[in-house]
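Participant: My file is final-v4.txt. It has compact mmCIF, C-alpha atoms:
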```txt
# COMPACT_ATOMS: atom_id res chain seq x y z
CA MET A 1 0.00 0.00 0.00
CA THR A 2 1.38 3.41 -0.97
CA LEU A 3 1.30 5.91 1.87
CA PRO A 4 -0.05 9.42 1.18
CA THR A 5 2.77 11.82 0.37
CA LEU A 6 1.14 15.20 -0.31
CA ARG A 7 1.70 18.15 1.99
CA LEU A 8 -0.01 21.51 2.08
CA GLY A 9 1.78 24.83 2.29
CA LEU A 10 0.55 28.42 2.40
CA ASN A 11 2.07 31.02 0.06
CA LEU A 12 1.37 34.57 1.24
CA GLY A 13 3.19 36.18 -1.69
CA TYR A 14 4.34 39.78 -1.28
CA TRP A 15 2.54 42.97 -0.35
CA VAL A 16 0.68 44.44 -3.32
CA GLY A 17 -2.89 45.38 -4.19
CA GLY A 18 -4.32 45.01 -0.68
CA ASN A 19 -2.16 42.04 0.31
CA ASP A 20 -0.40 43.48 3.34
CA ALA A 21 0.39 42.76 6.98
CA SER A 22 -3.25 41.85 7.65
CA SER A 23 -2.61 38.51 5.91
CA LEU A 24 0.24 37.44 8.20
CA PRO A 25 -1.98 35.94 10.96
CA LEU A 26 -2.99 33.31 8.41
CA ALA A 27 0.40 31.72 9.12
CA SER A 28 -0.71 30.84 12.65
CA LEU A 29 -3.93 29.35 11.35
CA ALA A 30 -2.00 27.30 8.81
CA GLU A 31 0.12 25.93 11.64
CA GLU A 32 -2.99 24.99 13.62
CA LEU A 33 -4.42 23.23 10.56
CA GLY A 34 -1.27 21.15 10.07
CA TYR A 35 0.17 22.89 7.03
CA SER A 36 3.76 21.97 6.22
CA ALA A 37 5.18 25.44 5.52
CA VAL A 38 4.32 29.07 5.02
CA TRP A 39 6.12 30.91 2.22
CA VAL A 40 6.56 34.57 1.36
CA SER A 41 7.90 36.31 -1.73
CA GLU A 42 9.57 39.57 -2.67
CA ALA A 43 9.73 41.76 -5.77
CA TYR A 44 10.42 45.46 -5.27
CA GLY A 45 8.24 46.19 -2.25
CA SER A 46 8.10 44.14 0.93
CA ASP A 47 11.15 41.94 1.53
CA ALA A 48 10.88 38.26 2.36
CA VAL A 49 13.36 38.13 5.25
CA THR A 50 11.51 40.55 7.51
CA LEU A 51 8.21 38.76 6.94
CA LEU A 52 9.76 35.35 7.62
CA SER A 53 11.21 36.66 10.88
CA TRP A 54 7.79 37.95 11.94
CA ILE A 55 6.12 34.64 11.09
CA ALA A 56 8.81 32.52 12.73
CA ALA A 57 8.48 34.52 15.95
CA ARG A 58 4.74 33.82 16.10
CA THR A 59 4.80 30.12 15.24
CA SER A 60 6.60 27.11 16.63
CA ARG A 61 6.15 24.10 14.30
CA ILE A 62 5.40 25.16 10.74
CA ASP A 63 8.36 25.63 8.40
CA VAL A 64 9.05 29.10 6.99
CA GLY A 65 10.20 29.43 3.40
CA SER A 66 11.28 32.06 0.91
CA ALA A 67 9.62 31.80 -2.48
CA VAL A 68 11.96 33.36 -3.32
CA LEU A 69 14.91 35.38 -2.10
CA GLN A 70 16.20 37.25 -5.16
CA ILE A 71 19.72 36.23 -6.11
CA PRO A 72 20.68 39.69 -7.47
CA ALA A 73 19.53 41.36 -4.25
CA ARG A 74 22.12 39.79 -1.95
CA SER A 75 25.65 38.47 -2.12
CA PRO A 76 25.99 34.71 -1.52
CA ALA A 77 27.62 35.44 1.84
CA MET A 78 24.73 37.70 2.87
CA THR A 79 22.21 35.02 1.92
CA ALA A 80 24.14 32.46 3.95
CA MET A 81 24.24 34.80 6.96
CA THR A 82 20.50 35.43 6.61
CA ALA A 83 19.68 31.74 6.22
CA ALA A 84 21.81 30.77 9.21
CA THR A 85 20.19 33.44 11.38
CA LEU A 86 16.63 32.58 10.33
CA ASP A 87 17.24 28.87 10.80
CA THR A 88 18.62 29.55 14.27
CA LEU A 89 15.80 31.85 15.36
CA SER A 90 13.14 29.50 13.98
CA GLY A 91 14.63 26.39 15.57
CA GLY A 92 15.61 24.75 12.27
CA ARG A 93 12.48 25.54 10.24
CA LEU A 94 13.84 27.45 7.23
CA ARG A 95 13.38 26.38 3.60
CA LEU A 96 15.64 28.55 1.47
CA GLY A 97 14.04 29.29 -1.89
CA LEU A 98 16.18 31.20 -4.39
CA GLY A 99 15.59 32.67 -7.85
CA VAL A 100 17.23 35.04 -10.30
CA SER A 101 14.12 37.27 -10.67
CA GLY A 102 13.93 38.83 -14.15
CA PRO A 103 15.96 41.29 -16.21
CA GLN A 104 13.71 44.26 -15.44
CA VAL A 105 14.02 43.87 -11.67
CA SER A 106 17.61 42.63 -11.65
CA GLU A 107 18.97 45.47 -13.77
CA GLY A 108 16.37 48.15 -13.04
CA TRP A 109 16.01 47.75 -9.27
CA HIS A 110 19.17 45.99 -8.07
CA GLY A 111 21.61 47.25 -10.69
CA VAL A 112 22.89 43.74 -11.41
CA ARG A 113 23.38 42.57 -14.99
CA PHE A 114 21.18 39.64 -15.95
CA ALA A 115 23.87 37.92 -18.01
CA SER A 116 24.49 34.16 -17.63
CA PRO A 117 21.76 33.48 -15.05
CA LEU A 118 22.38 29.72 -15.00
CA GLY A 119 26.10 29.97 -14.41
CA ARG A 120 25.56 32.65 -11.78
CA THR A 121 22.92 30.56 -10.01
CA ARG A 122 25.16 27.50 -9.93
CA GLU A 123 28.06 29.38 -8.36
CA TYR A 124 25.76 31.32 -6.03
CA ILE A 125 24.21 28.19 -4.50
CA ASP A 126 27.63 26.56 -4.28
CA LEU A 127 28.92 29.54 -2.30
CA VAL A 128 25.85 29.69 -0.06
CA ARG A 129 26.24 26.03 0.84
CA ARG A 130 29.97 26.40 1.49
CA ALA A 131 29.35 29.40 3.74
CA LEU A 132 26.64 27.54 5.68
CA HIS A 133 29.11 24.67 6.10
CA ARG A 134 31.38 27.28 7.70
CA GLU A 135 34.18 26.86 5.18
CA ARG A 136 36.54 29.75 4.61
CA LEU A 137 35.33 31.28 1.39
CA GLU A 138 38.14 31.00 -1.11
CA TYR A 139 36.51 30.81 -4.52
CA SER A 140 37.58 31.30 -8.10
CA GLY A 141 34.58 31.14 -10.43
CA ARG A 142 33.47 32.91 -13.56
CA HIS A 143 30.97 35.06 -11.68
CA PHE A 144 32.28 35.19 -8.12
CA THR A 145 35.83 35.53 -6.81
CA LEU A 146 36.55 35.53 -3.08
CA PRO A 147 38.54 37.18 -1.69
CA LEU A 148 38.93 39.84 -4.36
CA PRO A 149 42.46 39.69 -5.79
CA ASP A 150 45.14 42.31 -5.19
CA GLY A 151 43.39 43.82 -2.18
CA PRO A 152 43.04 43.57 1.59
CA GLY A 153 40.25 40.99 1.47
CA LYS A 154 40.56 37.98 3.74
CA ALA A 155 39.00 34.53 3.39
CA LEU A 156 36.41 34.40 6.16
CA ALA A 157 34.11 31.75 7.61
CA LEU A 158 30.63 32.08 9.07
CA THR A 159 30.92 32.75 12.80
CA ILE A 160 27.62 31.15 13.86
CA ARG A 161 26.58 27.51 13.59
CA PRO A 162 23.01 26.89 12.32
CA PRO A 163 21.04 24.23 14.21
CA ARG A 164 20.94 21.96 11.15
CA GLU A 165 23.89 20.63 9.22
CA ARG A 166 22.10 21.36 5.97
CA ILE A 167 19.32 23.83 5.14
CA PRO A 168 17.16 22.66 2.20
CA VAL A 169 17.56 24.81 -0.90
CA TYR A 170 14.73 25.25 -3.40
CA LEU A 171 15.07 26.80 -6.84
CA ALA A 172 12.43 28.68 -8.81
CA ALA A 173 12.67 27.49 -12.41
CA LEU A 174 10.56 27.69 -15.55
CA GLY A 175 12.60 26.79 -18.66
CA PRO A 176 14.15 23.40 -19.48
CA ARG A 177 17.76 24.37 -18.74
CA ASN A 178 16.93 25.91 -15.38
CA LEU A 179 14.76 22.89 -14.54
CA GLU A 180 17.71 20.62 -15.23
CA LEU A 181 19.87 22.83 -13.02
CA ALA A 182 17.28 22.65 -10.22
CA GLY A 183 17.34 18.86 -10.37
CA GLU A 184 21.11 18.82 -10.31
CA ILE A 185 21.86 21.21 -7.43
CA ALA A 186 18.68 21.83 -5.38
CA ASP A 187 16.59 19.95 -2.82
CA GLY A 188 13.27 21.18 -4.19
CA TRP A 189 11.58 23.06 -7.01
CA LEU A 190 9.14 25.99 -6.72
CA PRO A 191 7.06 25.95 -9.92
CA VAL A 192 4.66 28.68 -11.07
CA PHE A 193 1.68 27.82 -13.32
CA PHE A 194 2.23 24.11 -12.65
CA SER A 195 -0.38 22.14 -14.59
CA PRO A 196 -0.94 18.40 -14.04
CA ALA A 197 -1.85 18.01 -17.70
CA HIS A 198 1.46 19.54 -18.82
CA ALA A 199 3.75 18.41 -15.99
CA ALA A 200 5.43 15.55 -17.84
CA GLN A 201 7.34 17.84 -20.20
CA GLN A 202 8.67 19.82 -17.22
CA LEU A 203 9.66 16.75 -15.25
CA GLU A 204 11.91 15.36 -17.99
CA PRO A 205 14.68 18.00 -17.66
CA LEU A 206 14.22 17.95 -13.89
CA LYS A 207 14.83 14.19 -13.82
CA ALA A 208 17.83 14.60 -16.11
CA GLY A 209 19.36 17.02 -13.62
CA LEU A 210 18.62 14.70 -10.71
CA ALA A 211 20.36 11.87 -12.54
CA LYS A 212 23.48 14.02 -12.87
CA SER A 213 23.68 14.18 -9.07
CA GLY A 214 22.90 10.49 -8.59
CA ARG A 215 19.31 11.02 -7.45
CA THR A 216 15.72 10.43 -8.54
CA LEU A 217 12.44 12.22 -7.83
CA ASP A 218 12.19 10.20 -4.62
CA GLY A 219 12.70 12.68 -1.79
CA PHE A 220 12.85 15.71 -4.07
CA ASP A 221 10.18 18.26 -3.10
CA ILE A 222 8.09 19.63 -5.99
CA ALA A 223 6.23 22.51 -4.37
CA PRO A 224 4.12 24.57 -6.80
CA GLY A 225 2.34 27.74 -5.83
CA VAL A 226 -1.33 27.15 -6.70
CA PRO A 227 -4.08 29.81 -6.60
CA LEU A 228 -6.98 28.70 -4.40
CA VAL A 229 -10.52 30.07 -4.70
CA THR A 230 -13.42 28.18 -3.14
CA GLY A 231 -17.07 28.48 -4.13
CA ALA A 232 -19.99 26.70 -5.73
CA ASP A 233 -19.15 27.59 -9.36
CA TRP A 234 -15.55 27.09 -10.42
CA ARG A 235 -15.98 29.39 -13.40
CA VAL A 236 -16.99 32.24 -11.12
CA CYS A 237 -14.05 31.40 -8.84
CA ALA A 238 -11.70 31.67 -11.82
CA ARG A 239 -12.48 35.38 -12.13
CA ARG A 240 -10.49 36.05 -8.97
CA VAL A 241 -7.35 34.55 -10.54
CA ARG A 242 -7.45 36.57 -13.74
CA GLY A 243 -5.53 39.57 -12.37
CA TYR A 244 -2.75 37.38 -11.02
CA ALA A 245 -2.39 35.45 -14.27
CA ALA A 246 -2.55 38.57 -16.46
CA LEU A 247 0.19 40.25 -14.42
CA TYR A 248 2.62 37.38 -14.96
CA LEU A 249 1.72 36.57 -18.56
CA GLY A 250 1.57 40.21 -19.55
CA GLY A 251 3.80 42.26 -17.31
CA MET A 252 6.68 40.16 -15.97
CA GLY A 253 9.12 41.04 -18.73
CA GLY A 254 9.13 42.63 -22.17
CA ARG A 255 7.69 41.17 -25.35
CA ALA A 256 10.81 39.12 -26.05
CA ASP A 257 11.85 38.08 -22.54
CA ASN A 258 8.71 37.22 -20.56
CA HIS A 259 9.46 33.65 -19.48
CA TYR A 260 5.94 33.13 -18.11
CA THR A 261 4.53 33.86 -21.56
CA GLN A 262 7.02 31.41 -23.00
CA LEU A 263 5.93 28.79 -20.46
CA ALA A 264 2.29 29.28 -21.49
CA GLU A 265 3.36 28.79 -25.11
CA ARG A 266 4.99 25.46 -24.24
CA MET A 267 1.72 24.49 -22.55
CA GLY A 268 -0.21 25.13 -25.76
CA PHE A 269 -1.59 28.58 -24.91
CA GLY A 270 0.78 30.58 -27.11
CA ALA A 271 -1.66 32.74 -29.08
CA GLU A 272 -3.77 33.45 -26.00
CA ALA A 273 -0.73 34.35 -23.88
CA ARG A 274 0.54 36.76 -26.53
CA ALA A 275 -2.88 38.40 -26.66
CA VAL A 276 -2.75 38.88 -22.88
CA GLN A 277 0.75 40.33 -23.18
CA GLU A 278 -0.14 42.77 -25.95
CA ARG A 279 -3.12 44.15 -24.05
CA PHE A 280 -1.21 44.37 -20.79
CA LEU A 281 1.75 46.20 -22.32
CA ALA A 282 -0.68 48.60 -24.03
CA GLY A 283 -2.15 49.49 -20.64
CA ASP A 284 -5.44 47.65 -21.25
CA TYR A 285 -5.42 45.75 -17.98
CA PRO A 286 -9.12 44.75 -17.98
CA GLY A 287 -8.65 43.49 -21.54
CA ALA A 288 -5.57 41.51 -20.50
CA MET A 289 -7.49 39.90 -17.65
CA ALA A 290 -10.39 39.01 -19.93
CA ALA A 291 -8.01 37.44 -22.47
CA VAL A 292 -6.59 34.86 -20.05
CA PRO A 293 -8.06 31.52 -21.18
CA LEU A 294 -10.43 29.91 -18.70
CA GLU A 295 -8.77 26.57 -19.46
CA PHE A 296 -5.36 27.96 -18.43
CA LEU A 297 -6.75 29.23 -15.13
CA ASP A 298 -8.40 25.90 -14.37
CA ALA A 299 -5.28 23.92 -15.33
CA THR A 300 -3.07 25.84 -12.90
CA SER A 301 -5.42 26.57 -9.98
CA LEU A 302 -7.68 24.97 -7.37
CA LEU A 303 -11.17 26.30 -8.08
CA GLY A 304 -14.67 25.49 -6.93
CA PRO A 305 -16.33 23.43 -4.19
CA ARG A 306 -14.56 21.07 -1.82
CA GLU A 307 -15.27 18.00 -3.93
CA ARG A 308 -13.82 19.49 -7.10
CA ILE A 309 -10.77 20.76 -5.28
CA ALA A 310 -10.19 17.25 -3.92
CA GLU A 311 -10.24 15.89 -7.48
CA ARG A 312 -7.81 18.55 -8.66
CA MET A 313 -5.49 17.89 -5.73
CA THR A 314 -5.40 14.24 -6.73
CA ALA A 315 -4.39 15.29 -10.24
CA PHE A 316 -1.59 17.49 -8.88
CA SER A 317 -0.33 14.68 -6.68
CA GLU A 318 -0.41 12.14 -9.48
CA ALA A 319 1.50 14.60 -11.70
CA GLY A 320 4.37 14.71 -9.19
CA ALA A 321 3.60 17.56 -6.80
CA THR A 322 4.65 16.72 -3.24
CA THR A 323 3.81 20.02 -1.53
CA LEU A 324 0.88 22.19 -2.71
CA ASN A 325 1.51 25.78 -1.67
CA VAL A 326 -1.97 27.22 -1.88
CA MET A 327 -2.48 30.94 -2.50
CA PRO A 328 -5.89 32.32 -1.48
CA VAL A 329 -6.28 34.96 -4.18
CA GLY A 330 -8.40 37.88 -5.22
CA PRO A 331 -7.46 41.53 -5.58
CA GLY A 332 -4.58 40.95 -3.17
CA LEU A 333 -5.87 38.39 -0.68
CA PRO A 334 -9.57 37.95 0.03
CA GLY A 335 -10.79 39.08 3.44
CA PRO A 336 -9.22 37.29 6.42
CA ASP A 337 -12.38 35.28 7.15
CA ARG A 338 -12.74 34.13 3.55
CA ALA A 339 -9.05 33.26 3.24
CA ALA A 340 -9.18 31.33 6.52
CA GLU A 341 -12.19 29.36 5.31
CA ALA A 342 -10.36 28.55 2.07
CA LEU A 343 -7.42 27.16 4.05
CA ARG A 344 -9.79 24.93 6.04
CA ILE A 345 -11.53 23.71 2.89
CA ALA A 346 -8.17 22.87 1.33
CA VAL A 347 -7.34 20.62 4.29
CA GLU A 348 -10.77 18.99 4.14
CA ALA A 349 -10.38 18.42 0.41
CA ALA A 350 -6.96 16.80 0.81
CA GLU A 351 -8.30 14.58 3.59
CA ARG A 352 -11.31 13.67 1.45
CA ALA A 353 -8.93 12.59 -1.32
CA GLY A 354 -6.78 10.61 1.14
CA LEU A 355 -3.67 12.54 0.13
CA LEU A 356 -2.21 14.09 3.27
CA ALA A 357 1.13 12.78 4.49
CA SER A 358 1.40 12.06 8.19
CA ASP A 359 4.70 13.94 8.49
CA PRO A 360 4.33 17.62 7.53
CA ARG A 361 7.96 17.86 6.41
CA PRO A 362 9.22 16.58 3.05
CA GLY A 363 10.86 13.19 3.32
CA ALA A 364 14.13 14.08 1.59
CA PRO A 365 17.01 12.77 3.67
CA LEU A 366 19.52 15.60 3.68
CA SER A 367 22.46 13.29 3.39
CA GLY A 368 23.99 11.05 0.74
CA PRO A 369 25.01 12.36 -2.67
CA CYS A 370 25.33 16.12 -2.79
CA PRO A 371 23.29 17.88 -5.49
CA GLY A 372 25.74 18.93 -8.16
CA ALA A 373 28.58 16.69 -6.97
CA PRO A 374 29.69 13.12 -7.68
CA ALA A 375 27.78 10.49 -5.75
CA SER A 376 30.87 9.69 -3.71
CA ASP A 377 31.13 13.24 -2.36
CA PRO A 378 29.36 14.31 0.84
CA CYS A 379 27.20 17.41 0.73
CA PRO A 380 28.31 20.63 2.35
CA GLY A 381 26.77 20.23 5.75
CA SER A 382 27.12 16.45 5.81
CA PRO A 383 29.61 15.03 8.27
CA ARG A 384 33.16 14.79 6.89
CA PRO A 385 35.96 12.50 8.02
CA HIS A 386 38.13 14.14 10.63
CA GLY A 387 40.73 16.40 9.04
CA VAL A 388 39.19 16.35 5.55
CA HIS A 389 38.50 19.77 4.01
CA ASP A 390 36.77 20.33 0.67
CA THR A 391 38.94 22.60 -1.45
CA ARG A 392 37.12 22.23 -4.79
CA HIS A 393 36.39 25.49 -6.60
CA SER A 394 33.44 25.66 -8.96
CA GLN A 395 34.08 27.08 -12.40
CA GLY A 396 30.40 27.56 -13.16
CA ASP A 397 28.81 27.18 -16.58
CA THR A 398 28.11 30.16 -18.79
CA ARG A 399 27.19 28.23 -21.92
CA THR A 400 23.49 28.22 -21.16
CA HIS A 401 21.42 31.37 -20.75
CA ASP A 402 17.86 30.14 -20.29
CA HIS A 403 17.08 31.31 -16.75
CA ALA A 404 13.38 30.66 -16.76
```
Just give me the structure of the file as structure tokens.

Facilitator:
Amino acid sequence: MTLPTLRLGLNLGYWVGGNDASSLPLASLAEELGYSAVWVSEAYGSDAVTLLSWIAARTSRIDVGSAVLQIPARSPAMTAMTAATLDTLSGGRLRLGLGVSGPQVSEGWHGVRFASPLGRTREYIDLVRRALHRERLEYSGRHFTLPLPDGPGKALALTIRPPRERIPVYLAALGPRNLELAGEIADGWLPVFFSPAHAAQQLEPLKAGLAKSGRTLDGFDIAPGVPLVTGADWRVCARRVRGYAALYLGGMGGRADNHYTQLAERMGFGAEARAVQERFLAGDYPGAMAAVPLEFLDATSLLGPRERIAERMTAFSEAGATTLNVMPVGPGLPGPDRAAEALRIAVEAAERAGLLASDPRPGAPLSGPCPGAPASDPCPGSPRPHGVHDTRHSQGDTRTHDHA
């Protein structure tokens, strides 16, 4: 008999359009209801770290996760310091989600060139893990060099010891090359617009990356963010997701570099996604919302009454999702009472479908082969033989440029 393996998470997103501090108490409710983790995001408004600190201080069991911390916003060392501090303050509950953001935010807000996102991500995660393992950071890569040459810089090591030997790292990824990278070097994947009907084509590059690091999907956490709207008529519920979908398909990038539009094209919604994009970029936001195909919204969301949501959860689980990070949506979040009721219905639906895992934490053993390293090598954070020090220096990979 196969034991249930699905877990529920809550994704609170970032503050925009009425989604503000009033939504944070939902984290405590999610903990009471047995949710696995609560996640927050960041763009160019509220930051994720402050919100995670607030949530961690007011909860005791539920994991806290970043979905995601922006790679261009922080140096690898700063991310390691932040992760170590959050993991310590939360009692070992951090899930570290990372992503490169997009060219508009990276270059327009953070002043960091968006060149070679895959090679930069590979080196960045390597450095974060080394720092969390409290190695002295001596690194010669294509994107990062520590210490800087010909200067007073000194190779330093993290001065605090996190409560866990290894903090799980998740990667936000959309395109095939980044999916392969996620499988190779991460412990989990944070998909957007994950559709059970189209999941197989995304899982292939992910599995190829896992094979490179001597692993399989077993123990790897696939944790999509899924809009959740409950109600009697799923078509009416879908209206509340239109603004969210139109923003990503239409506004997260220019005409040539919106990777969410490109994802929709790979899912078979190319003409419709381009219509959304054209209207959004022309400032016709109601038109962009209206142009989002109902089928796309249904494929990537949990909509309708409890029974229908249970059926859709089964489809997500069978497609490979191991943690469903539900997002109660509307213009921002719906009112606290309505959002709270949606979280309860999600639990009831998962129980109705017989999907909920007994252990709220993903079952990935954080030991064994290290993502991105030969199977014989221990992971940074795994115990090493006495006196053995890892002196490998990553050279990165700048041959691929598909970040999404």

Participant: Closest to A:Val292 among A:Ala319, A:Leu343, A:Gln262, A:Arg239, using all atoms listed in the file?

Facilitator: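 Under the stated criterion, the closest residue is A:Arg239.
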
Participant: Tell me which of A:Thr314, A:Thr159, A:Thr145, A:Ser106 sits closest to A:Pro196, counting only C-alpha atoms.

Facilitator: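 Of the candidates, the smallest distance to A:Pro196 is held by A:Thr314.
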
Participant: Of the candidates A:Leu137, A:Val38, A:Met267, A:Ala43, which shows the shortest atom-to-atom distance to A:Ser66, using only C-alpha atoms?

Facilitator: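 Comparing A:Leu137, A:Val38, A:Met267, A:Ala43 against A:Ser66, the winner is A:Val38.
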
Participant: Return the single residue from A:Pro305, A:Ala321, A:Ala282, A:Leu24 that is closest to A:Cys237, with distances computed using only C-alpha atoms.

Facilitator: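 For A:Cys237, the nearest of the given residues is A:Pro305.
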
Participant: Go through A:Tyr35, A:Tyr44, A:Tyr285, A:Phe220 one by one, measure the shortest atom-to-atom distance of each to A:Ala245 using only C-alpha atoms, and give the residue with the smallest value.

Facilitator: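 Smallest separation from A:Ala245 among the options: A:Tyr285.
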
Participant: What does the distance between atom CA of A:Leu174 and atom CA of A:Leu118 come to in Å, to one decimal place?

Facilitator: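 Going from atom CA of A:Leu174 over to atom CA of A:Leu118, I get 12.0 Å.
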
Participant: Measuring between only C-alpha atoms, which one of A:Arg74, A:Gly92, A:Leu294, A:Arg255 shows the shortest distance to A:Phe280?

Facilitator: A:Arg255

Participant: Rounded to one decimal, what separation in Å do you get between atom CA of A:Val64 and atom CA of A:Val40?

Facilitator: 8.2 Å

Participant: So that I can check the surroundings of stretch 348-350 of chain A, please list as a ChimeraX atom specification every protein, DNA and RNA residue that reaches within 8 Å of it, counting only C-alpha atoms and ignoring chain neighbours fewer than 3 positions away.

Facilitator: /A:306-307,309-310,313,344-345,353-356

Participant: Quote the spacing between atom CA of A:Arg274 and atom CA of A:Ala223 in Å to one decimal place.

Facilitator: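 Going from atom CA of A:Arg274 over to atom CA of A:Ala223 covers 27.0 Å.
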
Participant: Give me, as a count of residues only, all polymer residues having an atom no more than 9 Å from stretch 256-261 of chain A, counting all atoms listed in the file and skipping those fewer than 3 positions away in the same chain.

Facilitator: 23

Participant: Determine the axis-aligned bounding box of all atoms of stretch 116-122 of chain A present in the file, pad each side by 5 Å, and express its centre and edge lengths in Å to one decimal place as JSON.

Facilitator:
```
{"center_x": 23.9, "center_y": 30.8, "center_z": -13.8, "size_x": 14.3, "size_y": 16.7, "size_z": 17.7}
```

Participant: Quick one: everything within 9 Å of A:Ile167, counting all atoms listed in the file, minus sequence neighbours fewer than 6 positions away in the same chain. Send it as a list in words.

Facilitator: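 Using all atoms listed in the file, the neighbours found are Ala83, Ala84, Asp87, Gly92, Arg93, Leu94, Arg95, Leu96, Arg129, Leu132, Leu366 and Gly381 of chain A.
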
Participant: Got a sec: who's within 8 Å of A:Gln70, counting only C-alpha atoms, leaving out chain neighbours fewer than 5 positions off, as a list in words?

Facilitator: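 The contact residues come out as Glu42, Ala43, Leu98, Gly99, Val100 and Ser101 of chain A.
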
Participant: Using all atoms listed in the file, what table do you get, as a Markdown table, when you list each residue of stretch 71-139 of chain A with an atom no more than 8 Å from stretch 182-190 of chain A, its nearest pair of atoms, and their distance in Å rounded to one decimal, rows by chain then rising number?

Facilitator:
```
| residue | atom | partner | partner_atom | distance |
| --- | --- | --- | --- | --- |
| A:Gly97 | CA | A:Leu190 | CA | 7.6 |
| A:Arg122 | CA | A:Ile185 | CA | 7.5 |
| A:Ile125 | CA | A:Ile185 | CA | 7.9 |
```

Participant: Those same residues - C-alpha atoms - I'd like them written as a CSV table (one decimal), in the frame of the given file.

Facilitator:
```csv
chain,number,residue,atom,x,y,z
A,97,GLY,CA,14.0,29.3,-1.9
A,122,ARG,CA,25.2,27.5,-9.9
A,125,ILE,CA,24.2,28.2,-4.5
```

Participant: Which residues are close to stretch 6-9 of chain A, i.e. within 8 Å by all atoms listed in the file, leaving aside same-chain residues fewer than 2 positions away? Reply as a PyMOL selection string.

Facilitator: chain A and resi 4+11+30+35-39+317+321-326+347+355-357+360-362
